[in-house]
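Undergrad: My structure is in upload_27.csv, and what it holds is CSV, C-alpha atoms and all ligand atoms:
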```csv
chain,number,residue,atom,x,y,z
A,1,MET,CA,188.4,140.7,223.5
A,2,LYS,CA,189.5,139.0,226.7
A,3,ALA,CA,192.7,139.7,228.7
A,4,THR,CA,194.1,138.6,232.1
A,5,ALA,CA,196.6,140.4,234.2
A,6,ILE,CA,198.4,139.6,237.5
A,7,ALA,CA,199.5,142.5,239.8
A,8,PRO,CA,201.4,142.7,243.1
A,9,SER,CA,200.4,144.7,246.1
A,10,ASN,CA,203.0,147.1,247.3
A,11,ILE,CA,204.4,148.3,250.7
A,12,ALA,CA,205.2,152.0,251.0
A,13,PHE,CA,208.3,153.0,253.0
A,14,ILE,CA,207.4,156.7,252.6
A,15,LYS,CA,203.6,156.8,252.7
A,16,TYR,CA,200.8,158.4,250.7
A,17,TRP,CA,198.3,159.8,253.1
A,18,GLY,CA,196.2,162.7,251.9
A,19,LYS,CA,195.2,164.1,248.5
A,20,LYS,CA,195.5,167.5,247.0
A,21,GLU,CA,192.8,166.6,244.4
A,22,GLU,CA,190.1,164.1,245.1
A,23,VAL,CA,188.7,163.1,241.7
A,24,LEU,CA,192.1,162.5,240.0
A,25,ARG,CA,193.6,161.2,243.2
A,26,LEU,CA,196.6,163.5,243.2
A,27,PRO,CA,198.5,162.9,246.5
A,28,GLU,CA,199.7,165.7,248.9
A,29,ASN,CA,203.2,164.2,248.6
A,30,GLY,CA,205.3,161.7,246.7
A,31,SER,CA,205.9,158.2,248.1
A,32,VAL,CA,208.3,155.3,247.8
A,33,SER,CA,207.4,151.6,247.8
A,34,MET,CA,208.4,148.0,246.9
A,35,CYS,CA,206.2,145.6,244.9
A,36,LEU,CA,205.4,142.5,246.9
A,37,SER,CA,206.2,139.1,245.3
A,38,ASN,CA,203.5,137.1,247.1
A,39,LEU,CA,200.5,139.3,247.6
A,40,LEU,CA,198.8,139.1,244.2
A,41,THR,CA,195.6,139.9,242.4
A,42,THR,CA,194.6,138.1,239.2
A,43,THR,CA,191.9,139.7,237.0
A,44,THR,CA,190.3,138.8,233.7
A,45,VAL,CA,188.3,141.3,231.8
A,46,GLU,CA,186.2,140.7,228.7
A,47,PHE,CA,184.3,143.4,226.7
A,48,SER,CA,181.5,142.0,224.6
A,49,SER,CA,178.1,142.9,223.1
A,50,ASP,CA,176.8,139.7,224.7
A,51,TYR,CA,176.8,141.4,228.1
A,52,LYS,CA,173.8,143.6,228.7
A,53,GLY,CA,175.3,145.0,231.9
A,54,ASP,CA,178.7,144.9,233.7
A,55,LEU,CA,179.2,141.7,235.6
A,56,VAL,CA,181.7,141.8,238.4
A,57,GLU,CA,182.8,138.7,240.4
A,58,ILE,CA,185.1,139.4,243.3
A,59,GLY,CA,186.4,136.2,244.9
A,60,GLY,CA,189.5,134.3,245.8
A,61,TYR,CA,190.8,134.4,249.3
A,62,LYS,CA,188.0,133.1,251.6
A,63,GLY,CA,185.7,133.8,248.7
A,64,ASP,CA,184.3,137.2,249.7
A,65,MET,CA,184.7,140.9,250.1
A,66,GLY,CA,182.3,141.2,253.1
A,67,ASN,CA,180.3,144.4,253.3
A,68,LYS,CA,182.9,146.2,251.2
A,69,GLY,CA,181.8,144.2,248.2
A,70,ASP,CA,179.3,146.6,246.8
A,71,MET,CA,181.6,149.6,247.2
A,72,GLY,CA,184.3,147.5,245.5
A,73,ARG,CA,182.0,146.7,242.6
A,74,ILE,CA,181.0,150.4,242.1
A,75,ARG,CA,184.6,151.5,242.0
A,76,ILE,CA,185.4,148.7,239.5
A,77,ILE,CA,182.6,149.8,237.2
A,78,GLU,CA,183.8,153.4,237.4
A,79,HIS,CA,187.2,152.3,236.4
A,80,LEU,CA,185.7,150.3,233.4
A,81,ASP,CA,184.0,153.6,232.4
A,82,ARG,CA,187.4,155.3,232.3
A,83,ILE,CA,188.8,152.6,230.1
A,84,ARG,CA,185.8,152.6,227.8
A,85,LYS,CA,186.1,156.4,227.4
A,86,MET,CA,189.8,156.1,226.5
A,87,ALA,CA,189.1,153.3,224.0
A,88,GLY,CA,186.0,155.0,222.6
A,89,ILE,CA,183.8,151.9,223.1
A,90,ASN,CA,180.6,151.4,225.0
A,91,LEU,CA,180.5,147.6,225.3
A,92,LYS,CA,179.7,146.1,228.7
A,93,ALA,CA,182.2,143.9,230.4
A,94,LYS,CA,182.6,140.8,232.6
A,95,VAL,CA,185.3,141.1,235.3
A,96,VAL,CA,186.4,138.2,237.5
A,97,THR,CA,189.1,139.1,240.1
A,98,LYS,CA,190.7,137.2,242.9
A,99,ASN,CA,193.3,137.8,245.5
A,100,ASN,CA,195.6,135.2,247.1
A,101,PHE,CA,195.6,137.1,250.4
A,102,PRO,CA,193.1,138.6,252.9
A,103,THR,CA,191.4,141.8,251.8
A,104,GLY,CA,190.5,144.9,253.9
A,105,THR,CA,193.1,144.2,256.7
A,106,GLY,CA,195.8,146.6,255.6
A,107,LEU,CA,197.5,144.6,252.9
A,108,SER,CA,196.6,147.0,250.1
A,109,SER,CA,194.4,144.8,248.0
A,110,SER,CA,193.1,148.0,246.2
A,111,ALA,CA,196.7,148.6,244.9
A,112,SER,CA,197.0,145.2,243.3
A,113,GLY,CA,193.3,145.1,242.4
A,114,PHE,CA,193.3,148.3,240.5
A,115,ALA,CA,196.6,147.7,238.9
A,116,ALA,CA,195.4,144.3,237.5
A,117,LEU,CA,192.1,145.7,236.4
A,118,THR,CA,193.9,148.6,234.6
A,119,LEU,CA,196.2,146.4,232.6
A,120,ALA,CA,193.6,143.6,231.8
A,121,GLY,CA,190.9,146.2,231.0
A,122,ALA,CA,193.1,148.3,228.8
A,123,LYS,CA,194.3,145.2,226.9
A,124,ALA,CA,190.8,143.8,226.5
A,125,ALA,CA,189.6,147.2,225.2
A,126,GLY,CA,192.3,147.1,222.5
A,127,LEU,CA,194.4,149.9,224.1
A,128,ASN,CA,198.1,149.7,223.9
A,129,LEU,CA,199.3,151.9,226.8
A,130,SER,CA,202.8,152.7,228.0
A,131,GLU,CA,203.8,151.9,231.6
A,132,LYS,CA,203.4,155.6,232.4
A,133,GLU,CA,199.9,155.7,230.9
A,134,LEU,CA,198.9,152.6,232.8
A,135,SER,CA,200.2,154.0,236.1
A,136,ILE,CA,198.3,157.2,235.5
A,137,LEU,CA,195.1,155.3,234.8
A,138,ALA,CA,195.6,152.9,237.8
A,139,ARG,CA,196.1,155.9,240.1
A,140,GLN,CA,192.6,157.1,239.3
A,141,GLY,CA,191.1,153.8,240.5
A,142,SER,CA,193.2,153.7,243.7
A,143,GLY,CA,196.1,156.0,244.4
A,144,SER,CA,198.6,153.4,245.6
A,145,ALA,CA,197.8,151.2,242.6
A,146,CYS,CA,200.0,153.5,240.4
A,147,ARG,CA,203.0,152.1,242.3
A,148,SER,CA,202.0,148.5,241.5
A,149,ILE,CA,202.5,148.9,237.7
A,150,PRO,CA,206.3,149.2,237.5
A,151,ASP,CA,208.8,146.6,238.8
A,152,GLY,CA,210.7,146.5,242.0
A,153,PHE,CA,211.3,149.6,244.0
A,154,VAL,CA,209.0,152.4,242.9
A,155,GLU,CA,208.7,156.2,243.4
A,156,TRP,CA,205.3,157.8,242.9
A,157,LEU,CA,206.3,161.2,241.5
A,158,ASP,CA,204.7,164.2,243.2
A,159,GLY,CA,203.1,166.0,240.2
A,160,ASN,CA,200.5,168.7,240.3
A,161,THR,CA,198.7,167.4,237.2
A,162,SER,CA,197.4,163.9,236.2
A,163,GLU,CA,200.1,163.6,233.5
A,164,THR,CA,202.9,164.2,236.0
A,165,SER,CA,201.7,162.0,238.9
A,166,TYR,CA,202.6,158.4,238.3
A,167,GLY,CA,204.9,155.6,239.5
A,168,VAL,CA,208.4,154.9,238.1
A,169,SER,CA,210.8,152.0,238.9
A,170,ILE,CA,213.8,153.4,240.7
A,171,PHE,CA,215.5,150.0,241.1
A,172,PRO,CA,214.7,146.5,239.8
A,173,PRO,CA,213.5,143.8,242.2
A,174,GLU,CA,216.9,142.1,242.3
A,175,HIS,CA,218.7,145.3,243.4
A,176,TRP,CA,218.3,144.5,247.1
A,177,GLU,CA,217.6,141.2,248.9
A,178,ILE,CA,215.2,142.5,251.5
A,179,CYS,CA,211.9,140.8,252.6
A,180,ASP,CA,208.6,142.1,253.8
A,181,VAL,CA,207.3,139.4,256.1
A,182,VAL,CA,203.6,140.1,256.7
A,183,ALA,CA,202.1,139.0,260.0
A,184,VAL,CA,198.3,138.6,259.7
A,185,VAL,CA,196.9,139.3,263.2
A,186,SER,CA,193.2,139.4,262.4
A,187,ARG,CA,191.0,138.9,259.3
A,188,GLU,CA,188.5,141.4,260.5
A,189,LYS,CA,187.9,144.1,257.8
A,190,LYS,CA,188.6,147.8,258.6
A,191,GLU,CA,185.6,149.9,259.4
A,192,ILE,CA,186.8,153.0,257.5
A,193,SER,CA,188.2,152.7,254.0
A,194,SER,CA,191.5,154.5,253.3
A,195,THR,CA,189.6,156.7,250.7
A,196,GLU,CA,187.4,157.9,253.5
A,197,GLY,CA,190.2,158.2,256.1
A,198,GLN,CA,192.4,160.2,253.7
A,199,LYS,CA,189.8,163.0,253.6
A,200,LEU,CA,190.6,163.8,257.2
A,201,THR,CA,194.4,164.3,256.9
A,202,GLY,CA,194.2,168.1,256.9
A,203,THR,CA,192.4,168.1,260.2
A,204,SER,CA,195.5,166.9,262.1
A,205,PRO,CA,197.5,169.7,263.6
A,206,PHE,CA,200.7,167.8,262.7
A,207,PHE,CA,200.0,167.4,258.9
A,208,LYS,CA,201.7,170.7,258.0
A,209,THR,CA,204.9,169.6,259.7
A,210,ARG,CA,204.8,166.3,257.9
A,211,ILE,CA,204.5,168.0,254.5
A,212,LEU,CA,207.4,170.3,255.3
A,213,ASN,CA,209.8,167.4,255.9
A,214,ILE,CA,208.6,164.9,253.3
A,215,LYS,CA,210.6,165.9,250.3
A,216,ASN,CA,213.8,165.5,252.3
A,217,LYS,CA,212.7,162.1,253.6
A,218,ILE,CA,212.1,160.9,250.0
A,219,LEU,CA,215.6,161.9,248.9
A,220,LYS,CA,217.1,160.2,252.0
A,221,ILE,CA,215.2,156.9,251.6
A,222,LYS,CA,216.2,156.7,247.9
A,223,GLU,CA,219.8,157.0,249.0
A,224,TYR,CA,219.4,154.3,251.6
A,225,ILE,CA,217.9,152.0,249.1
A,226,LYS,CA,220.6,152.8,246.5
A,227,TYR,CA,223.5,152.2,248.9
A,228,LYS,CA,221.6,149.3,250.7
A,229,LYS,CA,222.0,151.0,254.1
A,230,PHE,CA,219.6,148.7,256.0
A,231,THR,CA,219.8,150.3,259.4
A,232,GLU,CA,219.1,153.9,258.3
A,233,PHE,CA,216.4,152.5,255.9
A,234,GLY,CA,214.7,150.5,258.5
A,235,GLU,CA,214.7,153.3,261.1
A,236,MET,CA,213.2,155.7,258.6
A,237,THR,CA,210.6,153.2,257.5
A,238,GLU,CA,209.4,152.5,261.0
A,239,ALA,CA,209.4,156.2,262.0
A,240,GLU,CA,207.4,157.0,258.9
A,241,ALA,CA,204.7,154.4,259.7
A,242,LEU,CA,204.4,155.8,263.2
A,243,GLU,CA,204.2,159.4,261.8
A,244,MET,CA,201.3,158.4,259.4
A,245,HIS,CA,199.5,156.8,262.3
A,246,ALA,CA,200.1,159.9,264.4
A,247,ILE,CA,198.3,161.9,261.7
A,248,MET,CA,195.5,159.4,261.8
A,249,LEU,CA,195.2,159.4,265.5
A,250,THR,CA,195.1,163.2,265.7
A,251,SER,CA,192.6,163.7,262.8
A,252,GLN,CA,189.1,164.9,263.7
A,253,PRO,CA,187.4,162.6,264.1
A,254,SER,CA,190.3,160.3,265.1
A,255,LEU,CA,191.1,157.2,263.0
A,256,ILE,CA,192.4,154.2,264.9
A,257,TYR,CA,193.3,151.4,262.5
A,258,LEU,CA,195.7,149.5,264.8
A,259,MET,CA,194.4,146.7,267.0
A,260,PRO,CA,195.8,145.4,270.3
A,261,ASN,CA,197.6,142.6,268.4
A,262,SER,CA,199.1,145.1,266.0
A,263,ILE,CA,200.7,146.9,269.0
A,264,LEU,CA,201.8,143.6,270.4
A,265,LEU,CA,203.7,142.8,267.2
A,266,MET,CA,205.2,146.3,267.0
A,267,LYS,CA,206.6,145.9,270.5
A,268,LEU,CA,207.9,142.4,269.7
A,269,VAL,CA,209.7,143.7,266.6
A,270,LYS,CA,211.4,146.3,268.9
A,271,LYS,CA,212.3,143.6,271.4
A,272,TRP,CA,213.7,141.2,268.8
A,273,ARG,CA,215.8,144.1,267.5
A,274,SER,CA,217.2,144.9,270.9
A,275,GLU,CA,218.1,141.2,271.1
A,276,GLY,CA,220.1,141.4,267.8
A,277,LEU,CA,217.6,140.4,265.1
A,278,GLU,CA,217.6,143.5,262.9
A,279,CYS,CA,214.0,144.0,261.7
A,280,TYR,CA,211.6,147.0,261.5
A,281,PHE,CA,207.9,147.3,261.2
A,282,THR,CA,205.6,149.3,259.0
A,283,VAL,CA,201.8,149.3,258.8
A,284,ASN,CA,199.1,150.7,256.6
A,285,THR,CA,195.4,151.3,257.1
A,286,GLY,CA,194.6,148.0,258.9
A,287,GLN,CA,195.9,145.8,261.6
A,288,ASP,CA,198.3,143.5,259.8
A,289,ILE,CA,202.0,144.3,260.4
A,290,HIS,CA,204.7,144.3,257.7
A,291,ILE,CA,208.1,143.4,259.0
A,292,ILE,CA,211.1,144.4,257.0
A,293,VAL,CA,214.2,142.2,257.3
A,294,GLU,CA,217.3,141.3,255.2
A,295,LYS,CA,216.9,138.0,253.4
A,296,LYS,CA,219.7,136.4,255.5
A,297,ASN,CA,217.5,137.0,258.6
A,298,GLU,CA,214.2,136.0,257.2
A,299,SER,CA,214.0,132.4,258.5
A,300,ALA,CA,215.1,133.6,262.0
A,301,LEU,CA,212.3,136.1,262.0
A,302,CYS,CA,209.7,133.6,260.7
A,303,GLU,CA,210.7,131.2,263.5
A,304,ARG,CA,210.0,133.8,266.1
A,305,LEU,CA,206.7,134.8,264.5
A,306,ARG,CA,205.6,131.1,264.4
A,307,SER,CA,205.9,131.1,268.2
A,308,VAL,CA,203.5,134.0,268.6
A,309,GLU,CA,200.0,132.7,269.1
A,310,GLU,CA,198.3,135.9,267.9
A,311,VAL,CA,199.9,135.6,264.4
A,312,LYS,CA,197.3,133.9,262.2
A,313,GLU,CA,199.3,133.7,259.0
A,314,ILE,CA,202.8,134.6,257.8
A,315,ILE,CA,203.4,135.8,254.2
A,316,VAL,CA,207.0,136.2,253.0
A,317,ASN,CA,207.6,138.7,250.2
A,318,GLU,CA,210.6,139.8,248.3
A,319,ALA,CA,210.8,142.8,246.0
A,320,GLY,CA,208.6,141.6,243.0
A,321,LYS,CA,207.8,142.4,239.5
A,322,GLY,CA,205.0,144.9,238.6
A,323,THR,CA,201.8,144.2,236.7
A,324,ARG,CA,201.9,141.9,233.7
A,325,ILE,CA,199.7,140.0,231.2
A,326,ILE,CA,199.3,136.3,231.6
A,327,ASP,CA,197.7,133.7,229.3
A,328,LYS,CA,195.6,131.8,231.8
A,329,HIS,CA,192.1,133.4,232.0
A,330,LEU,CA,189.8,133.1,235.1
A,331,PHE,CA,186.8,132.4,232.8
B,1,LIG,O1,195.5,153.7,247.6
B,1,LIG,P1,194.7,153.9,248.8
B,1,LIG,O2,193.6,154.9,248.6
B,1,LIG,O3,194.1,152.6,249.3
B,1,LIG,O4,195.6,154.5,250.0
B,1,LIG,C1,196.4,153.7,250.8
B,1,LIG,C2,197.5,154.5,251.5
B,1,LIG,C3,198.4,153.7,252.5
B,1,LIG,O5,198.4,152.3,252.2
B,1,LIG,C4,197.9,153.9,253.9
B,1,LIG,C5,199.8,154.2,252.4
B,1,LIG,C6,200.5,153.9,251.1
B,1,LIG,O6,201.3,154.8,250.6
B,1,LIG,O7,200.3,152.8,250.6
```
Taking this structure as input, can you express it in the form of structure tokens?
Ligand code: PMV
TA:
Amino acid sequence: MKATAIAPSNIAFIKYWGKKEEVLRLPENGSVSMCLSNLLTTTTVEFSSDYKGDLVEIGGYKGDMGNKGDMGRIRIIEHLDRIRKMAGINLKAKVVTKNNFPTGTGLSSSASGFAALTLAGAKAAGLNLSEKELSILARQGSGSACRSIPDGFVEWLDGNTSETSYGVSIFPPEHWEICDVVAVVSREKKEISSTEGQKLTGTSPFFKTRILNIKNKILKIKEYIKYKKFTEFGEMTEAEALEMHAIMLTSQPSLIYLMPNSILLMKLVKKWRSEGLECYFTVNTGQDIHIIVEKKNESALCERLRSVEEVKEIIVNEAGKGTRIIDKHLF
């Protein structure tokens, strides 16, 4: 059977950085994110006795995955194996997947990619999984993918077992009109994947302090989202991104994901804020900058971004739906 799913990437306000269990991808801490309405992966999966081996085509934006392509393929096949095991089948599959945005630059294509693969693969294998089961399965492909399954604003619950570590929607997309305006500053792919980078978290002398404070931060950010306290929310989101990068910078060996143009944008955000345009940045493992702004200020922000020569592309997102099945197959 053949099935196609579309999945959003997500942006974490409180980040996942570090695992307490590698194979199951259990994180050191919970995290809170928002599904992104315009950063999307579409994936079609078909299991059939016609296929003698697994066929994986990764395409879409600019048509390639660069040197990360082979690693991407291996992880996709490992995920198909998880699905085959759950469904009790041993048929080979064809997978075609495409993103509508640049990959490997910090826009979390693994989150949307593994969420779409999970739903399309499960459906094509004849499984009828609940949202919780889909999130648990997606997490094993790529941690942050578990937060792309439910709609809107999502918390990844900090469980100690596979069954208790999954994403739940805490508010629907329409709860709060905020935007994540992505400024693409370079299409160069990162040198170290987040899977590799995360293995170093424990080597930072600041990691213990981060973990001590994180539960309280999660409680607070959920309050800020609930009561739409944009200033407190933005300040915490920006400080959290800097804290995660402080852990990266002080890991051994150090991890430097930011590029000169990322820093330029971070400074511009602070300048624009001091001039009265309330916006805050956050950034993942890559150079592209996410700028959080209330919907009413989105066009003013985009106008300023358009005047910055270093910004190659602007992608405006609102809080979006989670992963869903669509009828239009890619093959
Ligand atoms: O899901 P992974 O292994 O690609 O980890 C990504 C983690 C960050 O994007 C850096 C932070 C987050 O919580 O999304």
Undergrad: Identify, on the basis of all atoms listed in the file, every residue whose closest approach to stretch 305-311 of chain A does not exceed 8 Å; exclude the query and any residue fewer than 5 positions from it along the same chain; express the result as a PyMOL selection string.
TA: chain A and resi 183-186+261
Undergrad: Given all atoms listed in the file as the basis, pick out the residue of A:Ala120, A:Ile292, A:Leu157, A:Ile136 nearest to A:Leu219.
TA: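 Between A:Ala120, A:Ile292, A:Leu157, A:Ile136, the residue approaching A:Leu219 most closely is A:Leu157.
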Undergrad: Can I get the residues close to ligand LIG 1 (chain B) as a short mmCIF file (atom, residue, chain, number, x, y, z; two decimals) with C-alpha atoms, in the frame of the given file, where close means within 9 Å and we count only C-alpha atoms and all ligand atoms?
TA:
```
data_model
loop_
_atom_site.label_atom_id
_atom_site.label_comp_id
_atom_site.auth_asym_id
_atom_site.auth_seq_id
_atom_site.Cartn_x
_atom_site.Cartn_y
_atom_site.Cartn_z
CA ASN A 10 203.00 147.10 247.30
CA ILE A 11 204.40 148.30 250.70
CA ALA A 12 205.20 152.00 251.00
CA PHE A 13 208.30 153.00 253.00
CA ILE A 14 207.40 156.70 252.60
CA LYS A 15 203.60 156.80 252.70
CA TYR A 16 200.80 158.40 250.70
CA TRP A 17 198.30 159.80 253.10
CA GLY A 18 196.20 162.70 251.90
CA ARG A 25 193.60 161.20 243.20
CA GLY A 30 205.30 161.70 246.70
CA SER A 31 205.90 158.20 248.10
CA VAL A 32 208.30 155.30 247.80
CA SER A 33 207.40 151.60 247.80
CA GLY A 106 195.80 146.60 255.60
CA LEU A 107 197.50 144.60 252.90
CA SER A 108 196.60 147.00 250.10
CA SER A 109 194.40 144.80 248.00
CA SER A 110 193.10 148.00 246.20
CA ALA A 111 196.70 148.60 244.90
CA ARG A 139 196.10 155.90 240.10
CA GLY A 141 191.10 153.80 240.50
CA SER A 142 193.20 153.70 243.70
CA GLY A 143 196.10 156.00 244.40
CA SER A 144 198.60 153.40 245.60
CA ALA A 145 197.80 151.20 242.60
CA CYS A 146 200.00 153.50 240.40
CA ARG A 147 203.00 152.10 242.30
CA SER A 193 188.20 152.70 254.00
CA SER A 194 191.50 154.50 253.30
CA THR A 195 189.60 156.70 250.70
CA GLU A 196 187.40 157.90 253.50
CA GLY A 197 190.20 158.20 256.10
CA GLN A 198 192.40 160.20 253.70
CA ALA A 241 204.70 154.40 259.70
CA MET A 244 201.30 158.40 259.40
CA VAL A 283 201.80 149.30 258.80
CA ASN A 284 199.10 150.70 256.60
CA THR A 285 195.40 151.30 257.10
CA GLY A 286 194.60 148.00 258.90
#
```
Undergrad: Can you measure atom CA of A:Ser262 to atom CA of A:Gln287 for me? One decimal in Å is fine.
TA: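 Computed distance, atom CA of A:Ser262 to atom CA of A:Gln287, equals 5.5 Å.
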Undergrad: What is the distance, in Å and to one decimal place, between atom CA of A:Val96 and atom CA of A:Gly126?
TA: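 Distance reported for this atom pair: 18.4 Å.
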Undergrad: Write out as a ChimeraX atom specification the residues lying within 10 Å of A:Met236, counting all atoms listed in the file and excluding same-chain residues fewer than 5 positions away.
TA: /A:13-14,217,220-221,224,230-231,241-242,280,282
